[in-house]
Amino acid sequence: MARYTEAVCRLCRREGQKLFLKGDKCYTDKCAMVTRAKVPGQHGDGRSKTSEYGLQLREKQKTKRYYGVLEKQFRSYYEMAERRPGQTGQNLLSILETRLDNVVYRLGFAMSRAEARQLITHGHFTVNGRKVNIPSYLVKPGMVIALKESSRDLEKIKASVEANAFRQPPKWLEYDAQNLVAKVTAVPERDDIDLPIEEHLIVELYSK
């Protein structure tokens with residue numbers, strides 16, 4: 001499984017906004033966007049006008065980094081979104097939202113999508129009663145995601161669930177907090193996705 005292994009705080013600084021890639025650290029004064037907000041590199045203090053292509057590229061990069069997806073897989077999702085009826089940009093975000101690692105994060109089992117990927121890879125979750133250890137697994141309406149019984153006493157998961165108790169899961173997920181089980185009730189709509197993404201810029205970039 002290909003993944004980004006460098007310092008993720010540099011990614012937030014490059015995009016000029018918090019991408020919440022480090023979990024609870026992003027909510028503290030130790031966040032790199034608080035201590036060192038400039039763009040990384042020796043020209044980070046320089047100012048230059050961003051071209052139309054530059055804006056489109058940055059929006060694509062930002063979206064990839066939010067969801068922890070590399071270019072080849074992101075392009076595959078875009079092509080999948082093109083084949084679906086409706087608006088390609090909204091379809092793309094809907095596909096990204098239904099990745100299992102994002103679902104685990106949205107439910108509050110992990111403090112970041114990266115942490116969610118690790119938990120899934122270690123086999124802590126089931127889908128329709130069967131263990132799934134593929135973070136990119138795409139869930140569909142009717143599927144049931146659950147934390148394995150043997151994993152419910154893990155301190156990391158218990159701490160995340162407690163810390164995220166205030167977080168409301170998206171309306172396309174029906175969550176039973178007492179039994180740590182969730183059901184996918186619908187395909188995510190654009191209004192269900194709270195990330196500041198301008199998906200039309202990604203479509204314009206790939207349409208060239």
# chains A, B, ... in the order shown; residues from 1 in each chain; ligands from 1

call {"tool": "residues_around", "arguments": {"residues": "range 82-96 of chain A", "least_positions_apart": "3", "cutoff": "12 Å", "atoms": "only C-alpha atoms", "output": "MDAnalysis selection string"}}
result
chainID A and resid 59:60 63:69 73:79 99:103 113 135:140 172 186:207

call {"tool": "closest_residue", "arguments": {"among": "A:Gly129, A:Pro169, A:Gly142, A:Gly108", "to": "Lys156 in chain A", "atoms": "only C-alpha atoms"}}
result
A:Gly108

call {"tool": "select_by_dssp", "arguments": {"residues": "range 56-138 of chain A", "states": "alpha helix (DSSP H)", "output": "count of residues only"}}
result
51

call {"tool": "closest_residue", "arguments": {"among": "A:Ile157, A:Val184, A:Met80, A:Leu57", "to": "Tyr105 in chain A", "atoms": "only C-alpha atoms"}}
result
A:Ile157

call {"tool": "residues_around", "arguments": {"residues": "His124 in chain A", "least_positions_apart": "4", "cutoff": "6 Å", "atoms": "only C-alpha atoms", "output": "VMD selection string"}}
result
chain A and resid 119 to 120 148 151

call {"tool": "atom_distance", "arguments": {"atom1": "CA of Arg130 in chain A", "atom2": "CA of Thr185 in chain A"}}
result
18.7 Å

call {"tool": "select_by_dssp", "arguments": {"residues": "range 17-195 of chain A", "states": "strand (DSSP E)", "output": "MDAnalysis selection string"}}
result
chainID A and resid 125:127 130:131 144:147 173:176 181:184

call {"tool": "atom_distance", "arguments": {"atom1": "CA of Leu180 in chain A", "atom2": "CA of Met143 in chain A"}}
result
14.3 Å

call {"tool": "residues_around", "arguments": {"residues": "Gln168 in chain A", "least_positions_apart": "5", "cutoff": "10 Å", "atoms": "only C-alpha atoms", "output": "ChimeraX atom specification"}}
result
/A:106-108,173,175
